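K.L.:
Input file: target-v8.txt. Contents: compact mmCIF, C-alpha atoms.
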```txt
# COMPACT_ATOMS: atom_id res chain seq x y z
CA MET A 288 -11.40 5.31 -12.39
CA PRO A 289 -9.87 8.38 -14.03
CA GLN A 290 -6.24 7.59 -14.73
CA GLU A 291 -5.28 11.04 -13.49
CA LEU A 292 -6.42 10.28 -9.92
CA ARG A 293 -3.51 11.05 -7.61
CA ALA A 294 -3.51 10.51 -3.87
CA VAL A 295 -0.38 12.68 -3.63
CA GLU A 296 0.08 15.84 -5.72
CA TRP A 297 2.69 18.60 -5.53
CA THR A 298 1.00 22.00 -5.89
CA GLY A 299 4.09 24.15 -6.28
CA SER A 300 4.20 25.21 -2.65
CA GLY A 301 3.03 22.11 -0.81
CA LEU A 302 1.22 18.79 -1.05
CA ALA A 303 -2.42 18.12 -1.87
CA LEU A 304 -3.41 14.81 -0.28
CA ILE A 305 -6.75 13.09 -0.84
CA ASP A 306 -8.03 12.63 2.71
CA GLN A 307 -8.63 8.90 2.78
CA THR A 308 -10.15 9.03 6.26
CA LEU A 309 -13.23 10.68 4.73
CA LEU A 310 -13.86 8.31 1.83
CA PRO A 311 -16.21 7.04 0.50
CA HIS A 312 -18.70 9.64 1.71
CA ARG A 313 -16.64 12.77 1.09
CA THR A 314 -13.84 13.46 -1.38
CA GLU A 315 -11.65 16.22 -0.03
CA THR A 316 -8.00 17.15 -0.25
CA ARG A 317 -5.74 18.35 2.53
CA ASP A 318 -3.29 21.18 1.88
CA VAL A 319 0.01 20.24 3.52
CA ARG A 320 2.69 22.91 3.85
CA ASP A 321 4.68 21.89 6.92
CA VAL A 322 6.36 18.83 8.38
CA ASP A 323 4.06 18.49 11.40
CA THR A 324 0.99 18.29 9.17
CA LEU A 325 2.63 15.75 6.87
CA VAL A 326 3.74 13.49 9.72
CA ASP A 327 0.24 13.67 11.20
CA ALA A 328 -1.31 12.87 7.80
CA ILE A 329 0.89 9.79 7.41
CA GLN A 330 0.24 8.55 10.93
CA ARG A 331 -3.53 9.16 10.83
CA LEU A 332 -3.75 7.47 7.40
CA VAL A 333 -4.93 10.59 5.59
CA VAL A 334 -2.39 9.27 3.09
CA ARG A 335 -1.66 5.54 3.24
CA GLY A 336 -0.36 2.66 1.18
CA ALA A 337 3.37 2.01 1.02
CA PRO A 338 4.02 3.57 -2.43
CA ALA A 339 1.79 6.58 -1.69
CA ILE A 340 3.51 7.41 1.57
CA GLY A 341 6.81 6.89 -0.21
CA ALA A 342 5.83 9.60 -2.70
CA ALA A 343 4.58 11.82 0.12
CA GLY A 344 7.85 11.33 1.99
CA ALA A 345 9.86 12.20 -1.12
CA TYR A 346 8.03 15.52 -1.38
CA GLY A 347 8.35 15.86 2.40
CA VAL A 348 12.02 16.69 1.90
CA ALA A 349 10.94 19.68 -0.19
CA LEU A 350 8.41 20.67 2.48
CA ALA A 351 11.15 20.64 5.10
CA LEU A 352 13.37 22.82 2.94
CA LEU A 353 10.60 25.35 2.32
CA GLN A 354 9.55 25.43 5.97
CA GLY A 355 13.16 25.81 7.04
CA GLU A 356 13.55 28.77 4.73
CA ARG A 357 10.38 30.40 6.07
CA GLU A 358 11.26 29.83 9.70
CA GLY A 359 15.01 30.32 9.61
CA TRP A 360 16.02 26.74 10.40
CA SER A 361 19.61 25.61 10.35
CA ASP A 362 20.71 22.82 8.02
CA ALA A 363 20.68 20.43 10.98
CA GLU A 364 17.12 21.41 11.89
CA VAL A 365 15.93 20.76 8.34
CA ARG A 366 17.60 17.34 8.37
CA THR A 367 15.96 16.56 11.72
CA ALA A 368 12.58 17.44 10.24
CA VAL A 369 13.24 15.15 7.28
CA ALA A 370 14.12 12.35 9.70
CA ARG A 371 10.73 12.78 11.40
CA VAL A 372 9.00 12.29 8.04
CA ARG A 373 11.16 9.24 7.30
CA GLU A 374 10.22 7.59 10.60
CA ALA A 375 6.50 8.45 10.56
CA ARG A 376 5.51 4.82 9.88
CA PRO A 377 8.13 2.18 10.62
CA THR A 378 6.95 -0.91 8.73
CA ALA A 379 6.54 0.43 5.19
CA VAL A 380 10.04 0.50 3.73
CA ASN A 381 9.03 2.65 0.73
CA LEU A 382 8.84 5.72 2.96
CA MET A 383 12.44 5.33 4.07
CA VAL A 384 13.73 4.34 0.62
CA CYS A 385 12.10 7.31 -1.12
CA VAL A 386 13.19 9.85 1.49
CA ASP A 387 16.76 8.51 1.35
CA ARG A 388 16.76 8.69 -2.45
CA VAL A 389 15.66 12.31 -2.49
CA MET A 390 18.15 13.18 0.25
CA THR A 391 21.01 12.26 -2.11
CA ARG A 392 20.20 15.54 -3.88
CA PHE A 393 19.56 17.58 -0.74
CA ASP A 394 22.75 19.63 -1.07
CA GLU A 395 21.79 20.65 -4.63
CA GLY A 396 18.82 22.63 -3.37
CA LEU A 397 15.04 22.71 -3.71
CA ASP A 398 14.76 22.32 -7.49
CA ALA A 399 16.91 19.17 -7.46
CA VAL A 400 14.90 17.74 -4.57
CA LEU A 401 11.63 18.38 -6.41
CA ASP A 402 13.02 16.84 -9.61
CA GLU A 403 13.92 13.66 -7.71
CA ALA A 404 10.57 13.51 -5.90
CA ALA A 405 8.74 13.88 -9.23
CA ALA A 406 10.86 11.05 -10.64
CA VAL A 407 9.84 8.85 -7.70
CA GLN A 408 6.20 9.52 -8.53
CA ARG A 409 6.58 8.93 -12.28
CA GLU A 410 8.51 5.72 -11.80
CA ASP A 411 5.91 4.32 -9.40
CA VAL A 412 3.11 4.83 -11.92
CA SER A 413 5.22 3.19 -14.63
CA ALA A 414 6.08 0.29 -12.31
CA ASN A 415 2.42 -0.20 -11.44
CA ARG A 416 1.44 -0.41 -15.09
CA ALA A 417 4.14 -3.00 -15.71
CA MET A 418 3.03 -5.00 -12.67
CA GLY A 419 -0.57 -4.96 -13.83
CA ALA A 420 0.33 -6.44 -17.21
CA SER A 421 2.80 -9.08 -16.03
CA GLY A 422 0.64 -10.06 -13.05
CA ALA A 423 -2.39 -10.55 -15.28
CA ASP A 424 -0.35 -12.57 -17.79
CA TRP A 425 1.02 -14.80 -15.02
CA LEU A 426 -2.34 -15.38 -13.39
CA LEU A 427 -4.11 -16.27 -16.62
CA GLN A 428 -1.38 -18.72 -17.51
CA ARG A 429 -1.16 -20.17 -13.99
CA VAL A 430 -4.89 -20.59 -13.40
CA GLY A 431 -5.53 -21.75 -16.93
CA ALA A 432 -9.24 -21.02 -16.76
CA ASP A 433 -11.24 -20.51 -19.96
CA ARG A 434 -13.53 -18.10 -18.13
CA PRO A 435 -13.19 -14.79 -16.28
CA LEU A 436 -11.46 -15.07 -12.90
CA ARG A 437 -12.80 -14.60 -9.38
CA ILE A 438 -10.23 -12.67 -7.32
CA LEU A 439 -9.97 -11.99 -3.59
CA THR A 440 -8.04 -8.98 -2.30
CA HIS A 441 -7.29 -7.47 1.09
CA CYS A 442 -6.87 -3.84 2.21
CA ASN A 443 -6.47 -1.17 -0.50
CA THR A 444 -3.82 -1.36 -3.21
CA GLY A 445 -5.22 0.91 -5.90
CA ALA A 446 -4.53 4.43 -7.10
CA LEU A 447 -5.24 5.70 -3.59
CA ALA A 448 -2.41 3.60 -2.15
CA THR A 449 0.19 4.45 -4.80
CA ALA A 450 1.38 7.24 -7.03
CA GLY A 451 -1.24 6.06 -9.52
CA TRP A 452 -2.98 2.99 -11.08
CA GLY A 453 -2.26 0.52 -8.25
CA THR A 454 -0.32 -2.64 -7.37
CA ALA A 455 -2.60 -5.60 -6.59
CA LEU A 456 -5.63 -3.57 -7.70
CA GLY A 457 -3.66 -2.64 -10.81
CA VAL A 458 -3.51 -6.36 -11.71
CA ILE A 459 -7.26 -6.57 -11.10
CA ARG A 460 -7.89 -3.52 -13.28
CA GLU A 461 -5.80 -5.09 -16.06
CA LEU A 462 -7.79 -8.33 -15.88
CA TYR A 463 -11.02 -6.34 -16.07
CA ALA A 464 -9.76 -4.34 -19.06
CA ARG A 465 -9.04 -7.63 -20.85
CA GLY A 466 -12.51 -8.99 -20.10
CA ARG A 467 -11.02 -11.69 -17.87
CA LEU A 468 -12.47 -10.71 -14.50
CA GLU A 469 -15.78 -12.03 -13.18
CA VAL A 470 -15.89 -10.62 -9.64
CA VAL A 471 -13.74 -9.31 -6.81
CA TYR A 472 -14.12 -10.27 -3.16
CA ALA A 473 -12.88 -7.23 -1.23
CA ASP A 474 -12.17 -7.91 2.44
CA GLU A 475 -13.46 -5.03 4.54
CA THR A 476 -10.06 -4.93 6.32
CA ARG A 477 -10.29 -4.26 10.03
CA PRO A 478 -9.98 -2.12 11.99
CA LEU A 479 -10.08 0.91 9.67
CA LEU A 480 -11.99 -0.64 6.75
CA GLN A 481 -9.62 0.24 3.93
CA GLY A 482 -11.25 -2.50 1.89
CA SER A 483 -14.87 -1.45 2.26
CA ARG A 484 -14.18 2.29 2.31
CA LEU A 485 -11.43 2.57 -0.29
CA THR A 486 -11.09 -0.55 -2.45
CA ALA A 487 -14.85 -0.78 -2.94
CA TRP A 488 -14.93 2.93 -3.78
CA GLU A 489 -12.28 2.44 -6.47
CA LEU A 490 -14.07 -0.61 -7.86
CA VAL A 491 -17.32 1.36 -8.06
CA GLN A 492 -15.59 4.10 -10.07
CA GLU A 493 -14.62 1.51 -12.69
CA GLY A 494 -17.86 -0.46 -12.61
CA ILE A 495 -16.03 -3.63 -11.54
CA PRO A 496 -18.40 -6.24 -10.01
CA HIS A 497 -17.49 -6.96 -6.41
CA TYR A 498 -18.59 -8.10 -2.99
CA VAL A 499 -17.41 -6.59 0.30
CA GLN A 500 -16.97 -9.29 2.90
CA ALA A 501 -15.86 -9.49 6.53
CA ASP A 502 -12.21 -10.43 6.98
CA GLY A 503 -13.34 -13.51 8.87
CA ALA A 504 -15.26 -14.71 5.79
CA ALA A 505 -12.22 -14.79 3.52
CA ALA A 506 -10.92 -18.26 4.37
CA GLY A 507 -14.38 -19.81 4.05
CA THR A 508 -14.95 -18.15 0.68
CA ILE A 509 -11.66 -19.62 -0.53
CA LEU A 510 -12.33 -23.10 0.88
CA ARG A 511 -15.79 -23.19 -0.76
CA GLY A 512 -14.12 -22.86 -4.16
CA GLU A 513 -15.49 -19.39 -4.87
CA VAL A 514 -12.06 -17.83 -5.53
CA ASP A 515 -9.51 -18.56 -8.27
CA ALA A 516 -6.65 -16.52 -6.78
CA ALA A 517 -5.86 -13.93 -4.13
CA ILE A 518 -3.86 -10.79 -4.88
CA VAL A 519 -2.54 -8.49 -2.16
CA GLY A 520 0.01 -5.72 -1.80
CA ALA A 521 2.90 -5.39 0.64
CA ASP A 522 4.54 -2.90 2.96
CA ARG A 523 7.89 -4.66 3.23
CA ILE A 524 9.27 -7.82 1.62
CA ALA A 525 12.30 -9.54 3.13
CA ALA A 526 15.12 -11.09 1.10
CA ASN A 527 13.65 -14.57 1.63
CA GLY A 528 10.20 -13.53 0.37
CA ASP A 529 8.52 -13.13 3.77
CA THR A 530 5.95 -10.37 3.27
CA ALA A 531 4.52 -7.83 5.70
CA ASN A 532 1.08 -6.62 4.71
CA LYS A 533 -2.07 -5.34 6.39
CA VAL A 534 -3.07 -7.56 9.29
CA GLY A 535 -5.31 -10.40 8.13
CA THR A 536 -3.21 -11.26 5.09
CA VAL A 537 -1.51 -14.37 6.46
CA GLY A 538 -4.85 -16.15 6.98
CA ILE A 539 -5.67 -15.64 3.30
CA ALA A 540 -2.31 -17.10 2.29
CA LEU A 541 -2.88 -20.14 4.48
CA ALA A 542 -6.30 -20.75 2.98
CA CYS A 543 -4.92 -20.41 -0.56
CA ALA A 544 -2.16 -22.90 0.23
CA TYR A 545 -4.69 -25.34 1.69
CA VAL A 546 -6.80 -25.44 -1.47
CA GLY A 547 -3.90 -24.98 -3.90
CA ILE A 548 -4.79 -21.68 -5.56
CA PRO A 549 -2.31 -18.86 -6.28
CA PHE A 550 -1.52 -16.29 -3.61
CA LEU A 551 0.04 -13.34 -5.44
CA VAL A 552 1.83 -10.37 -3.88
CA ALA A 553 2.12 -7.27 -6.10
CA ALA A 554 4.61 -4.60 -5.04
CA PRO A 555 7.30 -2.42 -6.61
CA THR A 556 10.96 -3.24 -6.02
CA THR A 557 11.10 -0.28 -3.61
CA THR A 558 9.06 -2.46 -1.24
CA VAL A 559 11.70 -5.21 -1.32
CA ASP A 560 14.17 -4.71 1.53
CA LEU A 561 17.19 -6.90 0.85
CA SER A 562 18.79 -5.73 4.08
CA THR A 563 16.02 -7.54 5.95
CA ALA A 564 16.85 -11.24 5.86
CA THR A 565 13.53 -12.66 7.04
CA GLY A 566 10.14 -11.59 8.28
CA ASP A 567 11.35 -12.03 11.85
CA ASP A 568 13.39 -8.84 11.34
CA ILE A 569 10.44 -6.70 10.18
CA HIS A 570 9.25 -4.20 12.77
CA ILE A 571 5.48 -4.54 13.15
CA GLU A 572 3.74 -1.27 13.96
CA LEU A 573 1.37 -1.43 16.92
CA ARG A 574 -1.38 1.14 16.61
CA GLY A 575 -3.57 2.66 19.31
CA GLU A 576 -5.93 0.51 21.35
CA ALA A 577 -8.94 2.69 20.54
CA GLU A 578 -9.01 1.39 16.95
CA VAL A 579 -10.13 -2.02 18.20
CA LEU A 580 -11.81 -1.13 21.51
CA GLU A 581 -14.07 1.58 20.07
CA TRP A 582 -16.30 2.10 17.06
CA GLY A 583 -17.08 5.59 15.86
CA GLY A 584 -15.69 6.96 19.11
CA ILE A 585 -17.98 4.78 21.23
CA ARG A 586 -16.46 2.14 23.48
CA THR A 587 -17.58 -1.35 22.38
CA ALA A 588 -15.35 -3.45 24.67
CA PRO A 589 -15.50 -3.58 28.48
CA ALA A 590 -13.63 -0.79 30.21
CA GLN A 591 -11.22 -3.35 31.68
CA SER A 592 -10.24 -4.81 28.30
CA ARG A 593 -6.95 -4.02 26.64
CA GLY A 594 -6.49 -3.76 22.88
CA HIS A 595 -3.93 -5.63 20.77
CA ASN A 596 -3.70 -3.81 17.45
CA PRO A 597 -0.84 -4.87 15.15
CA ALA A 598 -1.17 -2.99 11.87
CA PHE A 599 0.48 -5.77 9.86
CA ASP A 600 1.24 -9.47 9.86
CA VAL A 601 3.98 -11.40 8.05
CA THR A 602 3.23 -14.08 5.48
CA PRO A 603 6.07 -16.63 5.16
CA GLY A 604 7.65 -16.70 1.72
CA ARG A 605 6.83 -20.39 1.33
CA LEU A 606 3.16 -19.37 1.09
CA VAL A 607 3.77 -16.69 -1.59
CA THR A 608 3.06 -18.36 -4.92
CA GLY A 609 4.19 -15.34 -6.90
CA LEU A 610 5.73 -11.93 -6.24
CA VAL A 611 5.07 -9.53 -9.09
CA THR A 612 7.22 -6.41 -9.39
CA GLU A 613 7.89 -4.13 -12.35
CA ARG A 614 10.62 -6.63 -13.34
CA GLY A 615 8.27 -9.58 -13.68
CA VAL A 616 7.05 -12.42 -11.46
CA LEU A 617 9.14 -14.44 -9.01
CA GLU A 618 7.68 -17.78 -7.95
CA VAL A 619 8.81 -17.42 -4.36
CA SER A 620 7.32 -20.62 -2.96
CA ALA A 621 9.22 -22.50 -5.69
CA GLY A 622 12.54 -21.01 -4.58
CA GLU A 623 12.86 -17.82 -6.65
CA LEU A 624 13.80 -15.46 -3.81
CA PRO A 625 14.01 -11.66 -3.96
CA GLY A 626 17.47 -11.77 -2.38
CA ASP A 627 18.74 -13.84 -5.30
CA ARG A 628 16.88 -12.24 -8.22
CA LEU A 629 16.45 -8.54 -7.36
CA LYS A 630 19.97 -7.54 -6.37
```
Starting from the file, give its structure as structure tokens.
P.N.:
Amino acid sequence: MPQELRAVEWTGSGLALIDQTLLPHRTETRDVRDVDTLVDAIQRLVVRGAPAIGAAGAYGVALALLQGEREGWSDAEVRTAVARVREARPTAVNLMVCVDRVMTRFDEGLDAVLDEAAAVQREDVSANRAMGASGADWLLQRVGADRPLRILTHCNTGALATAGWGTALGVIRELYARGRLEVVYADETRPLLQGSRLTAWELVQEGIPHYVQADGAAAGTILRGEVDAAIVGADRIAANGDTANKVGTVGIALACAYVGIPFLVAAPTTTVDLSTATGDDIHIELRGEAEVLEWGGIRTAPAQSRGHNPAFDVTPGRLVTGLVTERGVLEVSAGELPGDRLK
């Protein structure tokens, strides 16, 4: 994987977003120059992954300023447009945190906003690198194996989902670079297949051995002893360590707990929401029914059936063996809580 791969790139007059709805068959970028297009891109998952949409939202403030200048918006209208970007996806806290951070420099003008957005992007890449190293160190020490590790992951947490390098996939890349990775089990991740379309694509770019498996196979793979640890990302982490991630994650955590192998969550501190006490307070996004009732635009369920399509589930903190951020690893299930250690 070229280290310069960026899912989100400022072009000088707008955003270039890798269109992740087209991967792995086509690699195209979308030119985004207005708020409507950015909001649509976030909601349709053209850009996705909590850190990546955080970076997109940060630059979205600049987009709103430029569009407001072109179209003669008032200050209030620009702020309303920024609020639309901020609320485009409600579960991933990074989007809100990054927009709010950039808005602290809103009154200083466009250059200041762009400086802050660029800092958001730089800091995420740096954080991901730090997470990769400390997560790999922790896993190798915790597992204690004298052989390369077999890792299971869910959804996509690589360069495509971040400002660069990756969170959970960044740990995997670090293990591979050290010669300590045997194979990756990549869950296909229903209903939009971020695992088989995106994670597998990133693994292919690096030549990392892997299997794509159905989400429903994950628990059995773990119980058969074919996995040494699971590593996933997060969209929001509560103060008590409860973690919202792509739906299907909690079953993996339960299987890991049953057999006693590490379940590791890798996420930057911007994903930790200390104002959210527990997972019960995390808003879970419900997406459209068609994503589970249709396939490729063709109805696969009876016409009378309704679709239940939560985009995320919440893994209780007691099942999170370790939370790796750019500050190191918290052993959440052992009582090291984000609310105590990351203030």
K.L.:
So which one's closest to Val519 of chain A, A:Ala345, A:Val389, A:Val458, A:Leu551? Using only C-alpha atoms, please.
P.N.:
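Closest residue, counting only C-alpha atoms: A:Leu551.
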K.L.:
Near segment 420-423 of chain A, within 6 Å and counting all atoms listed in the file, which residues show up once chain neighbours fewer than 6 positions away are dropped, as a ChimeraX atom specification?
P.N.:
/A:458,462,611,615
K.L.:
Residues around (0.9, 15.8, -1.3), cut-off 12 Å, counting only C-alpha atoms - what are they as a PyMOL selection string?
P.N.:
chain A and resi 293-306+316-322+324-326+328-329+333-335+339-350+404-405+408+449-450
K.L.:
Looking at A:Val407, A:Ile459, A:Ala621, A:Val579, which one is nearest to Val386 of chain A, with distances taken over all atoms listed in the file?
P.N.:
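The closest residue to Val386 of chain A is A:Val407.
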K.L.:
Report, in Å to a single decimal, how far apart atom CA of Phe550 of chain A and atom CA of Arg429 of chain A are.
P.N.:
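We find that atom CA of Arg429 of chain A and atom CA of Phe550 of chain A lie 11.1 Å from each other.
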K.L.:
Tell me which of A:Val514, A:Leu401, A:Ile548, A:Ala473 sits closest to Gly609 of chain A, counting all atoms listed in the file.
P.N.:
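Looking only at the distances to Gly609 of chain A, the closest residue turns out to be A:Ile548.
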